Amino acid sequence: MFRKTLKKDPELFQNVSEGLRKLYRTKLFPLEDAYRFHDFHSPALEDADFDNKPMVLLVGQYSTGKTTFIRHLMEQDFPGMRIGPEPTTDSFIAVMHGEQDGVIPGNALVVDPKKPFRKLNAFGNAFLNRFMCAQMPNPVLESISIIDTPGILSGEKQRISRGYDFAAVLEWFAERVDRIILLFDAHKLDISDEFSEVIRALKNHEDKMRVVLNKADQISTQQLMRVYGALMWSLGKIINTPEVVRVYIGSFWAQPLLVPDNRKLFEAEEQDLFLDIQSLPRNAALRKLNDLIKRARLAKVQAYIISSLKKEMPAVFGKDSKKKELIANLGEIYQKIEKEHQISPGDFPNLAKMQELLNGQDFTKFASLKPKLLESVEDMLANDIARLMAMVRQEESAMPSQTVKGGAFEGTMSGPFGHGYGEGASEGIDELEWVVGRDKPTYDEIFYTLSPINGKVSGAAAKKEMLKSKLPNTVLGKIWKLADVDKDGYLDDEEFALANHLIKVKLEGHELPSALPDHLVPPSKRAGTSMQD
C-alpha cells in the first residue's frame with residue numbers, strides 16, 4: 001500500500017536534501033535499526049548531515065603543512081591555529097563559517113543540532129577534549145568547511161596512545177566529507193605505521209581521496225621525479241587498487257619558491273587542485289546521494305548477515321559453542337549470501353573486523369529476515385533514487401555558478417597572474433600589434449608557393465600544407481574553422497598565417513580556444529567583427 005502511494009505522488013520532495021532526509025528516515029533507517037547497523041558500521045544520520053556544506057578533510061603526518069595549507073586557501077589565520085615543525089596541531093579542528101571569530105569546544109559542539117557532529121559523542125571525553133570548531137567570517141568558508149586533523153606520528157612518538165581510536169574517528173569523518181586530501185612532505189616520505197593504518201581505514205572512500213605532495217619547491221627537478229616515483233610506489237602498496245590516485249605537486253603556501261625551476265608545473269597543479277575543490281558545492285547533492293546508496297547497499301548486506309546468524313542459532317542448548325563456530329565460519333556465510341542474493345563481494349564488510357565486533361554481541365537477540373524492510377530499501381534504490389537523480393541535475397542547472405570564492409581562489413581567476421595568461425592562444429592578449437604578424441613573413445612565403453587565386457588559397461591546397469604538422473584531422477578541422485574567419489571556404493594571407501599560428505600553439509602543447517579571441521582576429525577582419533561565433 002505504502003509503495004503504491006509513493007509511485008502515485010511524484011511531487012514528494014521539495015529539494016534533494018529534503019528528499020534524501022525523508023528517504024533515509026522512512027525507508028533506510030528502519031532496516032539499519034532492525035539489524036544493528038549502527039553498532040557495527042556507522043551511527044545513524046542526523047538532519048545536519050543532509051544540510052551541511054561540503055567538507056574537506058586534511059590528513060597527513062606531522063609537519064607536512066596541513067594547517068599552512070588551510071591558511072593558504074583562506075589567506076587568513078583561524079582561531080586555535082598553531083604551526084610548527086613538531087606535532088603542533090594536537091586537535092581535530094573544524095574550520096567553519098561564523099559571523100564572529102571564536103572557538104566552540106568539543107563537548108558543546110556535539111550537542112549542537114545545527115552542526116553535523118552530534119554522533120562524535122560516542123568517541124568519549126578523550127576525543128572531545130581534542131576536538132573544537134573554529135568559526136570565522138571568511139568568504140571561502142561560505143561554500144565549504146575544512147577539517148584540520150592532528151599530525152600523524154612517526155617512529156617512537158606513535159607508540160604513545162592518543163586515548164581514543166584515531167583511525168575510527170577519521171573513518172567517521174571520511175564517510176561524511178566530500179573530499180579527503182592526504183598531504184605528504186617531499187622531504188620526508190616515510191609512511192609511518194599509524195599513517196598506513198589510517199589510509200587503510202579510508203579504503204572505502206578512494207573516490208573522495210586526493211594526494212598533495214607539498215613543499216616540492218625545496219628540491220631539484222631530478223629529486224622531485226624520484227620522490228614522486230617513491231610516493232606512487234608506497235601508495236600503491238598501501239591503497240592496493242589498480243587505479244592510480246591523483247597526486248598534486250606543489251608548494252601550498254604564500255612564500256617565494258626556493259627552487260623556481262618547476263614554477264609552471266606547480267601553477268598548473270595548484271590550478272587543477274583549486275578547480276577540484278571549487279567543484280565541491282556544485283557536486284555536494286550528488287555526493288550525498290552517492291553516499292546514501294553506498295550506505296543502503298551495506299545495510300542490505302548487514303540484514304542478510306544478521307538474519308543468517310539468527311537462523312543458525314539453536315533454540316535452547318549449545319548457544320555459546322554455536323556462536324563461536326558461526327564467527328569462525330563467517331567467510332562461508334558471506335559466500336552463501338553472495339550466491340543466494342547475487343551480491344558483489346565488494347559490498348561485504350571487512351571479515352576480520354566483523355568477526356571481532358560479533359564477539360561482543362548476543363546472537364539470540366538478532367532479528368530474523370523481514371522482507372518488507374528489504375523491499376522498502378529496494379524500492380528506494382530502484383525508484384526514488386532515480387527521481388532524485390533528475391532533481392540533482394535540475395538543481396545543478398539552476399545554480400551553475402555555485403563555486404568556492406575568496407582567499408587564494410581569487411588569485412588564480414583573472415588578470416596577468418591567472419593560469420595560462422599570455423601563453424598559447426592568449427599570447428599577445430595585451431599587445432597593440434597583431435601577435436600573428438611577427439611570423440607572418442615566414443607564413444607568407446609558404447602561402448605564395450600554394451598559387452593563390454585572387455589572393456586566396458583553396459581548402460585542398462591549405463590542407464596539404466597543414467597536414468605537414470602531423471596533427472590529427474579533428475584538430476586541423478578545428479583550426480580551419482577558427483582561421484576561416486569570413487567563412488568563405490578559402491584562406492587569404494592573414495587567415496593562412498592565423499592557421500599556422502594556431503598549429504604552432506597546439507604543437508607547443510597548449511589547448512586551442514573554443515572561439516577565436518579578439519586579439520587573434522586578423523586586422524582586416526576587425527571592422528564589425530569582434531568575436532568568432
# chains A, B, ... in the order shown; residues from 1 in each chain; ligands from 1
$ select_by_dssp --residues "range 391-510 of chain A" --states "alpha helix (DSSP H)" --output "PyMOL selection string"
chain A and resi 391-398+408-411+440-449+459-466+473-483+493-507
$ closest_atom_pairs --of "range 265-370 of chain A" --to "range 199-219 of chain A" --cutoff "10 Å" --atoms "only C-alpha atoms" --output "tab-separated table"
residue	atom	partner	partner_atom	distance
A:Phe266	CA	A:Asp217	CA	8.5
A:Glu269	CA	A:Val212	CA	9.5
A:Glu270	CA	A:Val212	CA	9.7
A:Leu273	CA	A:Arg210	CA	8.8
A:Asp276	CA	A:Arg210	CA	9.5
A:Arg287	CA	A:Lys208	CA	9.3
A:Asp291	CA	A:His205	CA	9.7
A:Lys294	CA	A:Asn204	CA	9.7
A:Gly346	CA	A:Asn204	CA	9.7
A:Pro349	CA	A:Asn204	CA	10.0
$ write_last_selection --atoms "all heavy atoms" --output "compact mmCIF listing (two decimals), in the first residue's frame"
# COMPACT_ATOMS: atom_id res chain seq x y z
N PHE A 266 54.00 23.73 -10.90
CA PHE A 266 53.30 24.00 -9.64
C PHE A 266 52.04 24.82 -9.88
O PHE A 266 50.99 24.59 -9.26
CB PHE A 266 54.21 24.73 -8.64
CG PHE A 266 55.44 23.95 -8.23
CD1 PHE A 266 56.54 24.59 -7.67
CD2 PHE A 266 55.49 22.57 -8.39
CE1 PHE A 266 57.67 23.87 -7.29
CE2 PHE A 266 56.62 21.84 -8.02
CZ PHE A 266 57.71 22.50 -7.47
N GLU A 269 49.38 22.55 -11.38
CA GLU A 269 48.88 21.59 -10.37
C GLU A 269 47.97 22.30 -9.37
O GLU A 269 46.92 21.78 -8.99
CB GLU A 269 50.06 20.95 -9.62
CG GLU A 269 50.90 20.05 -10.48
CD GLU A 269 50.23 18.71 -10.76
OE1 GLU A 269 50.23 17.85 -9.87
OE2 GLU A 269 49.68 18.54 -11.86
N GLU A 270 48.38 23.50 -8.93
CA GLU A 270 47.56 24.26 -7.98
C GLU A 270 46.22 24.61 -8.61
O GLU A 270 45.17 24.50 -7.97
CB GLU A 270 48.29 25.53 -7.53
CG GLU A 270 47.51 26.31 -6.48
CD GLU A 270 48.27 27.50 -5.92
OE1 GLU A 270 48.39 28.51 -6.63
OE2 GLU A 270 48.73 27.41 -4.78
N LEU A 273 44.02 21.53 -8.60
CA LEU A 273 43.52 21.23 -7.26
C LEU A 273 42.43 22.23 -6.86
O LEU A 273 41.40 21.85 -6.30
CB LEU A 273 44.67 21.25 -6.24
CG LEU A 273 44.28 20.96 -4.79
CD1 LEU A 273 43.64 19.58 -4.65
CD2 LEU A 273 45.49 21.07 -3.86
N ASP A 276 39.24 21.43 -8.53
CA ASP A 276 38.64 20.26 -7.90
C ASP A 276 37.88 20.67 -6.63
O ASP A 276 36.74 20.26 -6.40
CB ASP A 276 39.74 19.25 -7.55
CG ASP A 276 39.18 17.94 -7.01
OD1 ASP A 276 38.47 17.26 -7.76
OD2 ASP A 276 39.44 17.63 -5.83
N ARG A 287 27.12 13.91 -4.20
CA ARG A 287 27.95 13.16 -3.25
C ARG A 287 27.09 12.55 -2.14
O ARG A 287 27.24 11.40 -1.77
CB ARG A 287 29.02 14.10 -2.66
CG ARG A 287 30.14 13.41 -1.90
CD ARG A 287 29.85 13.11 -0.45
NE ARG A 287 29.48 14.25 0.33
CZ ARG A 287 28.94 14.18 1.55
NH1 ARG A 287 28.71 13.02 2.11
NH2 ARG A 287 28.62 15.27 2.20
N ASP A 291 26.64 8.63 -1.35
CA ASP A 291 26.94 8.06 -0.03
C ASP A 291 25.74 7.31 0.55
O ASP A 291 25.90 6.30 1.22
CB ASP A 291 27.40 9.16 0.94
CG ASP A 291 28.86 9.55 0.71
OD1 ASP A 291 29.50 8.92 -0.16
OD2 ASP A 291 29.36 10.47 1.38
N LYS A 294 25.59 3.95 -1.17
CA LYS A 294 26.63 3.07 -0.59
C LYS A 294 26.15 2.51 0.75
O LYS A 294 26.31 1.33 1.05
CB LYS A 294 27.91 3.88 -0.35
CG LYS A 294 28.91 3.82 -1.49
CD LYS A 294 30.33 4.12 -0.99
CE LYS A 294 30.71 5.55 -1.23
NZ LYS A 294 32.10 5.86 -0.94
N GLY A 346 32.50 -7.09 -3.17
CA GLY A 346 32.97 -5.77 -2.70
C GLY A 346 31.99 -5.06 -1.78
O GLY A 346 32.35 -4.09 -1.12
N PRO A 349 31.26 -6.19 4.37
CA PRO A 349 32.19 -5.53 5.30
C PRO A 349 33.44 -6.38 5.51
O PRO A 349 33.42 -7.59 5.26
CB PRO A 349 31.38 -5.39 6.59
CG PRO A 349 30.29 -6.40 6.50
CD PRO A 349 30.01 -6.62 5.05
$ closest_residue --among "A:Ala299, A:Val103, A:Leu369, A:Ser220" --to "Asp261 in chain A" --atoms "only C-alpha atoms"
A:Ser220
$ residues_around --residues "range 375-383 of chain A" --least-positions-apart "5" --cutoff "10 Å" --atoms "only C-alpha atoms" --output "PDB file with N, CA and C atoms, in the first residue's frame"
ATOM      1  N   PHE A   2       1.873   1.250   0.890  1.00  0.00           N
ATOM      2  CA  PHE A   2       2.775   2.404   1.015  1.00  0.00           C
ATOM      3  C   PHE A   2       3.524   2.647  -0.296  1.00  0.00           C
ATOM      4  N   ARG A   3       3.958   1.538  -0.931  1.00  0.00           N
ATOM      5  CA  ARG A   3       4.744   1.678  -2.161  1.00  0.00           C
ATOM      6  C   ARG A   3       3.896   2.241  -3.291  1.00  0.00           C
ATOM      7  N   LEU A   6       3.435   5.932  -2.973  1.00  0.00           N
ATOM      8  CA  LEU A   6       4.675   6.641  -3.279  1.00  0.00           C
ATOM      9  C   LEU A   6       4.815   6.858  -4.774  1.00  0.00           C
ATOM     10  N   LYS A   7       4.451   5.836  -5.559  1.00  0.00           N
ATOM     11  CA  LYS A   7       4.598   5.952  -7.003  1.00  0.00           C
ATOM     12  C   LYS A   7       3.559   6.879  -7.617  1.00  0.00           C
ATOM     13  N   LEU A  23      13.789   9.933   2.653  1.00  0.00           N
ATOM     14  CA  LEU A  23      14.044   8.540   2.256  1.00  0.00           C
ATOM     15  C   LEU A  23      14.808   7.807   3.350  1.00  0.00           C
ATOM     16  N   TYR A  24      15.795   8.486   3.921  1.00  0.00           N
ATOM     17  CA  TYR A  24      16.585   7.849   4.971  1.00  0.00           C
ATOM     18  C   TYR A  24      15.707   7.516   6.173  1.00  0.00           C
ATOM     19  N   THR A  26      12.372   7.232   6.431  1.00  0.00           N
ATOM     20  CA  THR A  26      11.210   6.345   6.243  1.00  0.00           C
ATOM     21  C   THR A  26      11.581   4.965   5.715  1.00  0.00           C
ATOM     22  N   LYS A  27      12.686   4.861   4.972  1.00  0.00           N
ATOM     23  CA  LYS A  27      12.979   3.583   4.309  1.00  0.00           C
ATOM     24  C   LYS A  27      14.269   2.909   4.765  1.00  0.00           C
ATOM     25  N   LEU A  28      15.360   3.689   4.870  1.00  0.00           N
ATOM     26  CA  LEU A  28      16.638   3.052   5.192  1.00  0.00           C
ATOM     27  C   LEU A  28      16.845   2.900   6.696  1.00  0.00           C
ATOM     28  N   PHE A  29      16.481   3.912   7.471  1.00  0.00           N
ATOM     29  CA  PHE A  29      16.711   3.851   8.923  1.00  0.00           C
ATOM     30  C   PHE A  29      16.032   2.626   9.584  1.00  0.00           C
ATOM     31  N   PRO A  30      14.756   2.298   9.228  1.00  0.00           N
ATOM     32  CA  PRO A  30      14.137   1.112   9.863  1.00  0.00           C
ATOM     33  C   PRO A  30      14.940  -0.169   9.637  1.00  0.00           C
ATOM     34  N   LEU A  31      15.545  -0.320   8.434  1.00  0.00           N
ATOM     35  CA  LEU A  31      16.356  -1.516   8.154  1.00  0.00           C
ATOM     36  C   LEU A  31      17.645  -1.479   8.986  1.00  0.00           C
ATOM     37  N   LEU A 292      24.529   7.833   0.263  1.00  0.00           N
ATOM     38  CA  LEU A 292      23.318   7.158   0.764  1.00  0.00           C
ATOM     39  C   LEU A 292      23.139   5.803   0.063  1.00  0.00           C
ATOM     40  N   ILE A 293      23.446   5.756  -1.241  1.00  0.00           N
ATOM     41  CA  ILE A 293      23.339   4.482  -1.988  1.00  0.00           C
ATOM     42  C   ILE A 293      24.348   3.480  -1.422  1.00  0.00           C
ATOM     43  N   ALA A 296      23.045   2.219   1.825  1.00  0.00           N
ATOM     44  CA  ALA A 296      21.896   1.315   1.646  1.00  0.00           C
ATOM     45  C   ALA A 296      22.370  -0.079   1.239  1.00  0.00           C
ATOM     46  N   ARG A 297      23.371  -0.137   0.379  1.00  0.00           N
ATOM     47  CA  ARG A 297      23.890  -1.443  -0.053  1.00  0.00           C
ATOM     48  C   ARG A 297      24.517  -2.199   1.114  1.00  0.00           C
ATOM     49  N   ALA A 299      23.765  -1.698   4.291  1.00  0.00           N
ATOM     50  CA  ALA A 299      22.679  -2.029   5.233  1.00  0.00           C
ATOM     51  C   ALA A 299      21.961  -3.311   4.805  1.00  0.00           C
ATOM     52  N   LYS A 300      21.802  -3.494   3.491  1.00  0.00           N
ATOM     53  CA  LYS A 300      21.156  -4.726   2.978  1.00  0.00           C
ATOM     54  C   LYS A 300      22.006  -5.947   3.326  1.00  0.00           C
ATOM     55  N   LYS A 370      13.253  -9.709   7.623  1.00  0.00           N
ATOM     56  CA  LYS A 370      11.932  -9.081   7.427  1.00  0.00           C
ATOM     57  C   LYS A 370      11.865  -8.564   5.989  1.00  0.00           C
ATOM     58  N   LEU A 388      15.379  11.346  -7.624  1.00  0.00           N
ATOM     59  CA  LEU A 388      16.264  12.336  -7.006  1.00  0.00           C
ATOM     60  C   LEU A 388      17.428  12.696  -7.934  1.00  0.00           C
TER      61      LEU A 388
END
$ closest_residue --among "A:Ser63, A:Ser344, A:Gln394, A:Asn138" --to "Ala285 in chain A" --atoms "only C-alpha atoms"
A:Gln394
$ closest_residue --among "A:Met74, A:Ile93, A:Ala328, A:Met389" --to "Ile144 in chain A" --atoms "only C-alpha atoms"
A:Met74
$ residues_around --residues "His72 in chain A" --least-positions-apart "5" --cutoff "7 Å" --atoms "only C-alpha atoms" --output "list in words"
Phe252, Trp253, Ala254 and Ala408 of chain A
$ write_last_selection --atoms "N, CA and C atoms" --output "tab-separated table (two decimals), in the first residue's frame"
chain	number	residue	atom	x	y	z
A	252	PHE	N	52.25	24.70	-1.27
A	252	PHE	CA	50.98	25.32	-0.96
A	252	PHE	C	51.09	26.26	0.25
A	253	TRP	N	51.76	27.38	-0.01
A	253	TRP	CA	51.78	28.48	0.94
A	253	TRP	C	52.20	29.72	0.17
A	254	ALA	N	52.09	30.88	0.80
A	254	ALA	CA	52.28	32.15	0.07
A	254	ALA	C	53.70	32.69	0.22
A	408	ALA	N	42.68	32.29	-1.60
A	408	ALA	CA	43.64	32.00	-2.67
A	408	ALA	C	42.95	31.74	-4.00
$ select_by_dssp --residues "range 109-310 of chain A" --states "strand (DSSP E or B)" --output "PyMOL selection string"
chain A and resi 131-136+145-148+152+179-185+209-214+247-249
$ residues_around --residues "Ile191 in chain A" --least-positions-apart "6" --cutoff "10 Å" --atoms "only C-alpha atoms" --output "list in words"
Gly60, Gln61, Ile152, Leu153, Ser154, Gly155, Phe184, Glu197, Leu231, Ser234, Leu235 and Ile238 of chain A
$ residues_around --residues "range 306-311 of chain A" --least-positions-apart "3" --cutoff "10 Å" --atoms "only C-alpha atoms" --output "ChimeraX atom specification"
/A:34-37,301-303,314-315,322-323,326-327,330,333-334,336-337,358,362-370
$ closest_residue --among "A:Thr403, A:Asn125, A:Asn500, A:Ser251" --to "Asp439 in chain A" --atoms "only C-alpha atoms"
A:Asn500
$ residues_around --residues "range 48-55 of chain A" --least-positions-apart "3" --cutoff "9 Å" --atoms "only C-alpha atoms" --output "list in words"
Ser17, Glu18, Leu20, Arg21, Leu45, Pro113, Lys114, Lys115, Pro116, Phe117, Leu141, Glu142, Ser143, Ile144, Ser145, Ile146, Ile147, Arg176, Val177, Asp178, Arg179, Ile180, Leu280, Pro281, Asn283, Ala284, Ala285 and Lys288 of chain A
